[in-house]
>>> print(open('run_7.txt').read())   # compact mmCIF, C-alpha atoms
# COMPACT_ATOMS: atom_id res chain seq x y z
CA MET A 277 0.00 0.00 0.00
CA TYR A 278 2.73 2.46 1.01
CA LYS A 279 4.79 1.48 -2.03
CA LYS A 280 1.80 2.19 -4.29
CA ILE A 281 1.23 5.63 -2.72
CA PHE A 282 4.93 6.44 -3.02
CA PHE A 283 4.87 5.40 -6.70
CA VAL A 284 1.85 7.62 -7.42
CA LEU A 285 3.37 10.60 -5.61
CA ALA A 286 6.68 10.09 -7.36
CA SER A 287 4.91 9.88 -10.72
CA LEU A 288 3.02 13.10 -10.02
CA SER A 289 6.24 14.78 -8.99
CA LEU A 290 7.99 13.69 -12.17
CA CYS A 291 4.99 14.78 -14.22
CA GLY A 292 5.01 18.18 -12.54
CA GLY A 293 8.72 18.51 -13.21
CA SER A 294 8.17 17.61 -16.83
CA LEU A 295 5.39 20.16 -17.18
CA ARG A 296 7.55 22.83 -15.58
CA ALA A 297 10.41 21.97 -17.92
CA GLN A 298 8.06 22.07 -20.91
CA THR A 299 6.66 25.44 -19.81
CA ALA A 300 10.16 26.81 -19.35
CA SER A 301 11.11 25.50 -22.80
CA ASP A 302 8.02 27.03 -24.42
CA ASP A 303 8.76 30.36 -22.73
CA SER A 304 12.36 30.26 -23.98
CA VAL A 305 11.23 29.59 -27.54
CA LEU A 306 8.69 32.41 -27.35
CA ARG A 307 11.23 34.90 -26.05
CA ARG A 308 13.72 33.92 -28.76
CA GLN A 309 11.10 34.43 -31.45
CA VAL A 310 9.86 37.73 -30.01
CA GLY A 311 13.41 39.03 -29.68
CA GLN A 312 13.92 38.59 -33.42
CA MET A 313 10.91 40.85 -34.06
CA ILE A 314 12.62 43.89 -32.52
CA VAL A 315 14.76 46.50 -34.29
CA ALA A 316 16.13 48.58 -31.43
CA GLY A 317 17.74 51.98 -31.19
CA PHE A 318 20.40 52.68 -28.59
CA ARG A 319 22.94 55.26 -27.50
CA GLY A 320 26.65 54.82 -28.01
CA PHE A 321 29.51 54.75 -30.48
CA GLU A 322 30.68 51.39 -29.13
CA ALA A 323 29.08 48.04 -28.32
CA THR A 324 28.61 48.61 -24.60
CA GLY A 325 25.78 48.94 -22.08
CA ASP A 326 22.15 48.51 -23.14
CA VAL A 327 22.85 47.19 -26.62
CA VAL A 328 25.09 44.36 -25.42
CA ASP A 329 22.28 43.04 -23.24
CA ALA A 330 19.77 43.48 -26.06
CA VAL A 331 21.90 41.50 -28.53
CA GLN A 332 23.38 38.80 -26.28
CA ARG A 333 20.65 38.10 -23.74
CA LEU A 334 17.49 39.23 -25.50
CA GLY A 335 18.44 38.15 -29.01
CA ILE A 336 16.99 41.15 -30.85
CA GLY A 337 16.61 40.87 -34.61
CA GLY A 338 18.28 44.15 -35.46
CA VAL A 339 19.50 47.59 -34.50
CA ILE A 340 18.94 50.99 -36.07
CA TYR A 341 21.63 53.68 -36.29
CA PHE A 342 20.97 57.39 -35.87
CA ASP A 343 23.45 60.22 -36.08
CA ARG A 344 21.35 62.65 -34.06
CA ASP A 345 20.17 61.98 -30.51
CA VAL A 346 16.80 63.72 -30.39
CA PRO A 347 16.22 63.61 -26.59
CA GLY A 348 19.71 64.97 -25.93
CA ARG A 349 19.53 67.47 -28.81
CA THR A 350 23.05 66.54 -29.90
CA ASN A 351 24.71 64.90 -32.90
CA ARG A 352 26.22 62.28 -30.60
CA ARG A 353 24.29 59.06 -31.02
CA ASN A 354 25.85 56.19 -33.03
CA VAL A 355 27.76 57.74 -35.94
CA ARG A 356 31.19 59.35 -35.59
CA SER A 357 33.21 58.08 -38.59
CA PRO A 358 33.22 55.27 -41.17
CA GLN A 359 35.89 53.36 -39.23
CA GLN A 360 34.08 53.72 -35.91
CA LEU A 361 30.76 52.61 -37.40
CA ARG A 362 32.34 49.54 -39.00
CA ARG A 363 33.87 48.52 -35.67
CA LEU A 364 30.50 48.95 -33.98
CA SER A 365 28.73 46.84 -36.63
CA ASP A 366 31.36 44.09 -36.48
CA ASP A 367 31.28 44.00 -32.68
CA LEU A 368 27.49 43.75 -32.60
CA GLN A 369 27.50 40.90 -35.13
CA GLN A 370 30.18 39.13 -33.09
CA LEU A 371 28.03 39.42 -29.96
CA ALA A 372 25.09 37.84 -31.82
CA ARG A 373 27.27 34.99 -33.12
CA GLU A 374 28.74 34.27 -29.71
CA ALA A 375 25.25 34.06 -28.21
CA GLY A 376 24.06 31.66 -30.91
CA TYR A 377 21.61 34.07 -32.58
CA PRO A 378 21.12 34.74 -36.30
CA PRO A 379 23.01 37.68 -37.82
CA LEU A 380 21.56 41.07 -36.98
CA PHE A 381 19.75 43.34 -39.37
CA ILE A 382 21.94 46.42 -38.98
CA THR A 383 19.75 49.19 -40.33
CA VAL A 384 19.78 52.88 -41.16
CA ASP A 385 17.63 55.48 -42.91
CA GLN A 386 20.02 56.47 -45.68
CA GLU A 387 17.83 57.95 -48.40
CA GLY A 388 20.21 60.76 -49.32
CA GLY A 389 19.63 64.49 -49.35
CA ARG A 390 17.89 65.63 -46.18
CA VAL A 391 17.50 62.10 -44.76
CA ASP A 392 21.20 61.35 -44.51
CA ARG A 393 22.49 59.61 -41.38
CA LEU A 394 25.91 58.92 -42.95
CA LYS A 395 26.88 62.51 -43.58
CA ALA A 396 29.91 63.96 -45.30
CA ALA A 397 30.61 65.82 -42.04
CA TYR A 398 31.44 62.43 -40.48
CA GLY A 399 33.69 61.38 -43.35
CA PHE A 400 31.14 59.58 -45.54
CA PRO A 401 30.57 60.38 -49.25
CA THR A 402 28.15 63.12 -50.26
CA SER A 403 24.61 62.00 -51.14
CA VAL A 404 21.77 63.39 -53.23
CA SER A 405 18.02 63.37 -52.68
CA ALA A 406 15.39 61.22 -54.35
CA ALA A 407 13.92 64.42 -55.83
CA TYR A 408 17.27 65.20 -57.52
CA LEU A 409 17.37 61.72 -59.07
CA GLY A 410 13.72 61.78 -60.12
CA GLU A 411 14.04 65.15 -61.83
CA ARG A 412 16.90 63.83 -63.96
CA ASN A 413 15.26 60.44 -64.41
CA ASP A 414 18.45 59.04 -65.87
CA PRO A 415 19.05 55.34 -65.06
CA ASP A 416 22.84 55.67 -65.15
CA THR A 417 22.84 58.62 -62.77
CA THR A 418 20.53 56.85 -60.32
CA TRP A 419 22.60 53.67 -60.53
CA ARG A 420 25.82 55.53 -59.71
CA TRP A 421 24.38 57.30 -56.68
CA ALA A 422 22.53 54.21 -55.42
CA THR A 423 25.69 52.12 -55.81
CA LEU A 424 27.66 54.70 -53.83
CA THR A 425 25.02 54.53 -51.08
CA ALA A 426 25.15 50.75 -51.08
CA GLN A 427 28.95 50.71 -50.86
CA THR A 428 28.87 53.26 -48.06
CA CYS A 429 26.45 51.07 -46.11
CA ARG A 430 28.41 47.86 -46.66
CA ARG A 431 31.70 49.45 -45.63
CA ALA A 432 30.02 50.50 -42.40
CA GLY A 433 28.65 46.99 -41.81
CA ILE A 434 25.07 48.06 -42.54
CA ASN A 435 22.97 45.41 -44.31
CA VAL A 436 19.54 47.10 -44.41
CA ASP A 437 18.80 50.56 -45.79
CA PHE A 438 15.28 51.75 -45.01
CA ALA A 439 14.94 53.14 -48.53
CA PRO A 440 13.81 53.78 -51.22
CA CYS A 441 10.96 56.09 -50.36
CA VAL A 442 8.18 55.28 -52.85
CA ASP A 443 5.80 57.96 -51.65
CA VAL A 444 4.37 59.78 -54.66
CA ASN A 445 4.91 63.55 -54.58
CA ILE A 446 1.22 64.40 -54.74
CA ASP A 447 1.50 67.48 -52.51
CA PRO A 448 4.93 69.14 -52.78
CA ARG A 449 4.11 71.03 -49.58
CA CYS A 450 3.93 67.82 -47.53
CA PRO A 451 6.25 68.71 -44.63
CA VAL A 452 7.80 65.27 -44.29
CA ILE A 453 8.02 64.12 -47.93
CA GLY A 454 7.73 66.69 -50.72
CA ALA A 455 9.20 69.60 -48.78
CA LEU A 456 12.25 67.48 -47.91
CA GLY A 457 12.85 66.13 -51.42
CA ARG A 458 12.20 62.53 -50.34
CA SER A 459 9.95 61.57 -53.26
CA PHE A 460 11.32 60.69 -56.67
CA SER A 461 8.39 62.21 -58.53
CA ALA A 462 4.68 62.98 -58.84
CA ASP A 463 4.72 60.50 -61.75
CA THR A 464 4.11 56.98 -60.43
CA ALA A 465 6.00 55.37 -63.32
CA VAL A 466 9.08 57.43 -62.48
CA VAL A 467 8.79 56.52 -58.80
CA ALA A 468 8.62 52.80 -59.62
CA ALA A 469 11.46 52.95 -62.16
CA GLN A 470 13.78 54.90 -59.86
CA ALA A 471 12.98 52.65 -56.91
CA ARG A 472 13.70 49.56 -59.04
CA ILE A 473 17.19 50.87 -59.91
CA TRP A 474 17.84 51.75 -56.27
CA ILE A 475 16.81 48.29 -55.10
CA ASP A 476 18.91 46.52 -57.74
CA ALA A 477 21.99 48.59 -56.91
CA LEU A 478 21.71 47.93 -53.18
CA HIS A 479 21.06 44.22 -53.72
CA ARG A 480 24.17 44.02 -55.89
CA GLN A 481 26.19 45.11 -52.85
CA GLY A 482 24.38 42.80 -50.42
CA VAL A 483 22.18 45.47 -48.82
CA LEU A 484 18.46 44.88 -48.26
CA THR A 485 15.92 47.63 -48.84
CA SER A 486 12.54 48.79 -47.59
CA LEU A 487 9.69 50.41 -49.48
CA LYS A 488 8.04 53.16 -47.44
CA HIS A 489 5.76 54.65 -46.17
CA PHE A 490 2.85 52.33 -47.00
CA PRO A 491 0.12 53.16 -48.00
CA GLY A 492 1.54 56.54 -49.06
CA HIS A 493 2.67 59.66 -47.20
CA GLY A 494 3.10 61.94 -50.20
CA SER A 495 -0.34 63.55 -50.08
CA SER A 496 -0.34 64.25 -46.35
CA ARG A 497 -0.25 67.69 -44.81
CA ALA A 498 1.30 66.75 -41.49
CA ASP A 499 4.32 64.93 -40.07
CA SER A 500 3.75 61.57 -38.35
CA HIS A 501 6.85 62.17 -36.21
CA LEU A 502 4.82 64.85 -34.46
CA GLY A 503 1.30 63.40 -34.41
CA LEU A 504 -1.25 61.14 -36.06
CA VAL A 505 -1.65 61.99 -39.76
CA ASP A 506 -5.10 61.80 -41.35
CA ILE A 507 -4.93 61.12 -45.11
CA THR A 508 -8.65 60.41 -45.59
CA ARG A 509 -9.29 63.36 -47.90
CA SER A 510 -5.88 63.63 -49.59
CA TRP A 511 -4.88 60.03 -50.32
CA GLN A 512 -5.22 58.92 -53.96
CA GLN A 513 -5.57 55.15 -54.11
CA GLU A 514 -4.47 54.31 -57.65
CA ARG A 515 -1.52 56.69 -57.70
CA GLU A 516 -0.20 55.96 -54.23
CA LEU A 517 -0.43 52.16 -54.48
CA ALA A 518 0.92 52.02 -58.04
CA PRO A 519 4.66 51.77 -57.13
CA TYR A 520 3.91 48.94 -54.70
CA ARG A 521 1.89 47.04 -57.30
CA ALA A 522 4.64 47.39 -59.89
CA LEU A 523 7.44 46.26 -57.58
CA PHE A 524 5.47 43.40 -55.99
CA ASP A 525 4.58 42.11 -59.46
CA GLU A 526 8.34 41.84 -60.10
CA GLY A 527 8.85 39.78 -56.94
CA TYR A 528 10.03 42.42 -54.48
CA ALA A 529 9.98 40.93 -50.95
CA ASP A 530 12.54 42.53 -48.59
CA PHE A 531 10.71 44.92 -46.25
CA VAL A 532 7.70 47.19 -46.46
CA MET A 533 7.57 49.88 -43.79
CA VAL A 534 4.02 50.80 -42.79
CA GLY A 535 3.35 54.41 -41.83
CA HIS A 536 1.28 55.85 -39.00
CA LEU A 537 -1.34 57.10 -41.45
CA LEU A 538 -5.07 57.19 -40.72
CA HIS A 539 -7.60 56.74 -43.52
CA ARG A 540 -11.04 56.71 -41.95
CA GLU A 541 -12.76 55.15 -44.97
CA VAL A 542 -10.45 52.11 -44.89
CA ASP A 543 -10.10 51.82 -41.11
CA PRO A 544 -11.93 54.41 -39.01
CA ASP A 545 -10.21 53.31 -35.82
CA TYR A 546 -6.50 52.71 -36.42
CA PRO A 547 -3.59 54.03 -38.50
CA ALA A 548 -2.19 51.69 -41.16
CA SER A 549 0.70 50.56 -38.93
CA LEU A 550 -1.81 49.13 -36.43
CA SER A 551 -4.55 48.10 -38.86
CA ARG A 552 -5.44 44.58 -39.95
CA ARG A 553 -7.53 46.05 -42.75
CA TRP A 554 -4.46 47.73 -44.22
CA ILE A 555 -1.80 45.09 -43.56
CA ASP A 556 -3.66 41.81 -43.86
CA GLY A 557 -6.38 43.17 -46.15
CA VAL A 558 -4.71 45.57 -48.60
CA LEU A 559 -0.95 44.93 -48.37
CA ARG A 560 -1.02 41.13 -48.19
CA GLY A 561 -4.49 40.43 -49.57
CA GLU A 562 -5.12 42.87 -52.40
CA LEU A 563 -1.49 43.56 -53.36
CA GLY A 564 -0.14 40.08 -52.63
CA TYR A 565 2.97 41.12 -50.68
CA ARG A 566 4.81 38.15 -49.14
CA GLY A 567 7.84 39.75 -47.48
CA VAL A 568 8.54 41.17 -44.04
CA VAL A 569 6.26 43.97 -42.79
CA ILE A 570 7.87 46.43 -40.39
CA THR A 571 6.37 49.41 -38.59
CA ASP A 572 7.67 52.91 -38.78
CA ASP A 573 9.15 53.81 -35.40
CA LEU A 574 6.63 53.15 -32.63
CA ASN A 575 8.21 55.94 -30.56
CA MET A 576 6.92 58.60 -32.96
CA GLY A 577 4.36 61.15 -31.84
CA ALA A 578 1.63 59.60 -34.01
CA ILE A 579 1.70 56.54 -31.74
CA VAL A 580 2.87 57.67 -28.30
CA ASP A 581 0.29 60.47 -28.16
CA HIS A 582 -2.60 58.05 -28.70
CA TYR A 583 -1.59 54.56 -27.53
CA SER A 584 0.31 52.93 -24.72
CA LEU A 585 3.28 50.87 -25.88
CA GLU A 586 1.46 47.69 -24.86
CA ARG A 587 -1.62 48.55 -26.89
CA ALA A 588 0.40 49.62 -29.92
CA LEU A 589 2.35 46.36 -29.88
CA GLU A 590 -0.82 44.30 -29.54
CA LEU A 591 -2.55 46.04 -32.42
CA ALA A 592 0.47 46.04 -34.73
CA ILE A 593 1.34 42.37 -34.32
CA CYS A 594 -2.26 41.20 -34.52
CA ALA A 595 -2.63 43.30 -37.67
CA GLY A 596 0.16 41.33 -39.36
CA VAL A 597 3.35 43.25 -38.57
CA ASP A 598 6.46 41.04 -38.42
CA MET A 599 8.98 43.49 -36.95
CA VAL A 600 8.67 46.69 -34.92
CA ILE A 601 11.12 49.56 -34.78
CA ILE A 602 11.69 50.78 -31.24
CA GLY A 603 14.04 53.63 -32.03
CA ASN A 604 14.21 55.05 -28.50
CA ASN A 605 14.98 58.40 -30.10
CA GLY A 606 11.85 60.43 -29.44
CA ARG A 607 11.07 62.78 -26.59
CA THR A 608 12.93 60.77 -23.93
CA TYR A 609 15.51 57.99 -23.80
CA GLU A 610 14.53 54.88 -21.82
CA PRO A 611 17.42 52.48 -21.04
CA ASP A 612 14.99 49.62 -20.31
CA LEU A 613 12.79 50.12 -23.38
CA THR A 614 13.95 47.07 -25.34
CA PRO A 615 13.59 44.49 -22.54
CA ARG A 616 10.27 46.08 -21.55
CA THR A 617 9.02 45.76 -25.13
CA ILE A 618 9.90 42.06 -25.25
CA ASP A 619 8.28 41.48 -21.85
CA LEU A 620 5.12 43.23 -23.02
CA ILE A 621 4.83 41.14 -26.19
CA CYS A 622 5.46 37.87 -24.32
CA GLY A 623 2.87 38.88 -21.73
CA LEU A 624 0.32 39.64 -24.45
CA VAL A 625 0.89 36.19 -25.95
CA GLN A 626 0.55 34.49 -22.57
CA GLN A 627 -2.71 36.38 -21.95
CA GLY A 628 -4.06 35.21 -25.30
CA ARG A 629 -4.23 38.75 -26.71
CA ILE A 630 -1.67 37.97 -29.44
CA PRO A 631 -2.01 34.52 -31.06
CA ARG A 632 1.06 32.33 -30.60
CA GLU A 633 0.93 31.39 -34.28
CA ARG A 634 1.23 35.07 -35.24
CA ILE A 635 4.62 35.22 -33.49
CA ALA A 636 5.75 31.99 -35.15
CA GLU A 637 4.68 33.31 -38.56
CA ALA A 638 6.63 36.54 -38.10
CA TYR A 639 9.69 34.62 -36.90
CA ARG A 640 9.61 32.37 -39.99
CA ARG A 641 9.49 35.36 -42.33
CA ILE A 642 12.40 37.06 -40.54
CA LEU A 643 14.61 33.96 -40.60
CA THR A 644 13.72 33.25 -44.22
CA LEU A 645 14.83 36.74 -45.23
CA LYS A 646 18.04 36.47 -43.23
CA GLN A 647 18.86 33.06 -44.69
CA GLU A 648 17.80 33.59 -48.31
CA ARG A 649 19.66 36.89 -48.60
CA SER A 650 22.68 35.62 -46.61
CA VAL A 651 22.54 38.50 -44.15
CA ARG A 652 25.93 39.01 -42.53
>>> encode(input="run_7.txt", output="structure tokens")
Amino acid sequence: MYKKIFFVLASLSLCGGSLRAQTASDDSVLRRQVGQMIVAGFRGFEATGDVVDAVQRLGIGGVIYFDRDVPGRTNRRNVRSPQQLRRLSDDLQQLAREAGYPPLFITVDQEGGRVDRLKAAYGFPTSVSAAYLGERNDPDTTWRWATLTAQTCRRAGINVDFAPCVDVNIDPRCPVIGALGRSFSADTAVVAAQARIWIDALHRQGVLTSLKHFPGHGSSRADSHLGLVDITRSWQQERELAPYRALFDEGYADFVMVGHLLHREVDPDYPASLSRRWIDGVLRGELGYRGVVITDDLNMGAIVDHYSLERALELAICAGVDMVIIGNNGRTYEPDLTPRTIDLICGLVQQGRIPRERIAEAYRRILTLKQERSVR
């Protein structure tokens, strides 16, 4: 009798241990997958402090470089010189390798012209704007400048350029696109042709690209860095989706960056970056896009003024986003922002508010892109 009771208790104990081990294993897998969904900003010219923890312990999928630190109002963030930036990139990749994680997406917004993180003032080559290239509309000229950008990125260890900007220059007064020369043209055919050359030139040098800002920022009259932008009355469907259609039809599948743009007739409640109707419905459904979807920075005013970080993450991932940019370069700098973001996403999954399969799907797309394009 006692032996039987002991056997039952022992069996229950072993079963409990097995369940605990399984739970711990499931949690570890979840955290690894969620980590890969994060592109994190950080302070520093060297691989020290916050970013070491983010890469080695948290296993983030990528980092984003800025030259200007907005909270500190200084040009002391990540970029000091080509040699310094290459050392930083190499050190970060080494940290990921040592921890057994896939290579990092090392990213930057290097469009040229006014959006130029790798400036001549730091020792990098001069760049030109998309507007300059679109006005000339000469394939050889665009190829030369795009190749120079690609070589500049590769020499700095950067493998993802969040460009080209395929916003159509519908309103030249748009404060964040037309007024800054970030659009190739008001002609959709020119936008698509110029973007195609840019993509091909960067791919030739082993640099991935991102079309932005879906579904189109070129008609807006406000800046999503500062607040939520309503494009309901200005957005022109056929013109603004045309470059995406053209490039998707040719098999483009690196990244698409979704903007914080509200169109009340498509989704009266949420901007595109948080909207299932836009991402799952239009981008993946109507347009047939099969690559990685990434948000514009979730620390921008358009999001932080209207949503908690937890709610923004829940909406974005449930809508179909695969990666989120947490630039940590808005109004304040938060040293714990990256681990807090991962904790929030894991908590949302455990509460059933984000489906577990949605995380697994995003993880598969990220790894596929890293493996197929031999990210290094």
>>> residues_near_point(input="run_7.txt", point="(5.5, 53.2, -27.8)", cutoff="7 Å", atoms="all atoms listed in the file", output="list in words")
Leu574, Asn575, Ile579, Val580, Ser584, Leu585 and Ala588 of chain A
>>> closest_residue(input="run_7.txt", among="A:Ile473, A:Ala465, A:Ile453, A:Leu550", to="Glu514 in chain A", atoms="only C-alpha atoms")
A:Ala465
>>> closest_residue(input="run_7.txt", among="A:Ala595, A:Gly320, A:Val391, A:Asp476", to="Arg629 in chain A", atoms="all atoms listed in the file")
A:Ala595
>>> atom_distance(input="run_7.txt", atom1="CA of Thr428 in chain A", atom2="CA of Pro401 in chain A")
7.4 Å
>>> atom_distance(input="run_7.txt", atom1="CA of Leu613 in chain A", atom2="CA of Arg356 in chain A")
23.9 Å
>>> atom_distance(input="run_7.txt", atom1="CA of Val346 in chain A", atom2="CA of Arg607 in chain A")
6.9 Å
>>> residues_around(input="run_7.txt", residues="Arg319 in chain A", least_positions_apart="6", cutoff="12 Å", atoms="all atoms listed in the file", output="list in words")
Gly325, Asp326, Val327, Val328, Val339, Ile340, Tyr341, Phe342, Asp343, Arg344, Asp345, Val346, Pro347, Gly348, Thr350, Asn351, Arg352, Arg353, Asn354, Val355, Leu364, Gly603, Asn604, Asn605, Thr608, Tyr609, Glu610 and Pro611 of chain A
>>> closest_residue(input="run_7.txt", among="A:Arg412, A:Arg632, A:Arg566, A:His501", to="Gly606 in chain A", atoms="only C-alpha atoms")
A:His501
>>> residues_around(input="run_7.txt", residues="Ile507 in chain A", least_positions_apart="4", cutoff="12 Å", atoms="only C-alpha atoms", output="PyMOL selection string")
chain A and resi 446-447+450+490-500+511-513+516+535-544+547-548
>>> closest_residue(input="run_7.txt", among="A:Ile475, A:Leu589, A:Val404, A:Val305", to="Ala636 in chain A", atoms="only C-alpha atoms")
A:Val305
>>> residues_near_point(input="run_7.txt", point="(11.7, 32.8, -21.6)", cutoff="12 Å", atoms="only C-alpha atoms", output="list in words")
Ala297, Gln298, Thr299, Ala300, Ser301, Asp302, Asp303, Ser304, Val305, Leu306, Arg307, Arg308, Gln309, Val310, Gly311, Arg333, Leu334, Gly335, Pro615, Ile618, Asp619, Ile621, Cys622, Gly623 and Gln626 of chain A
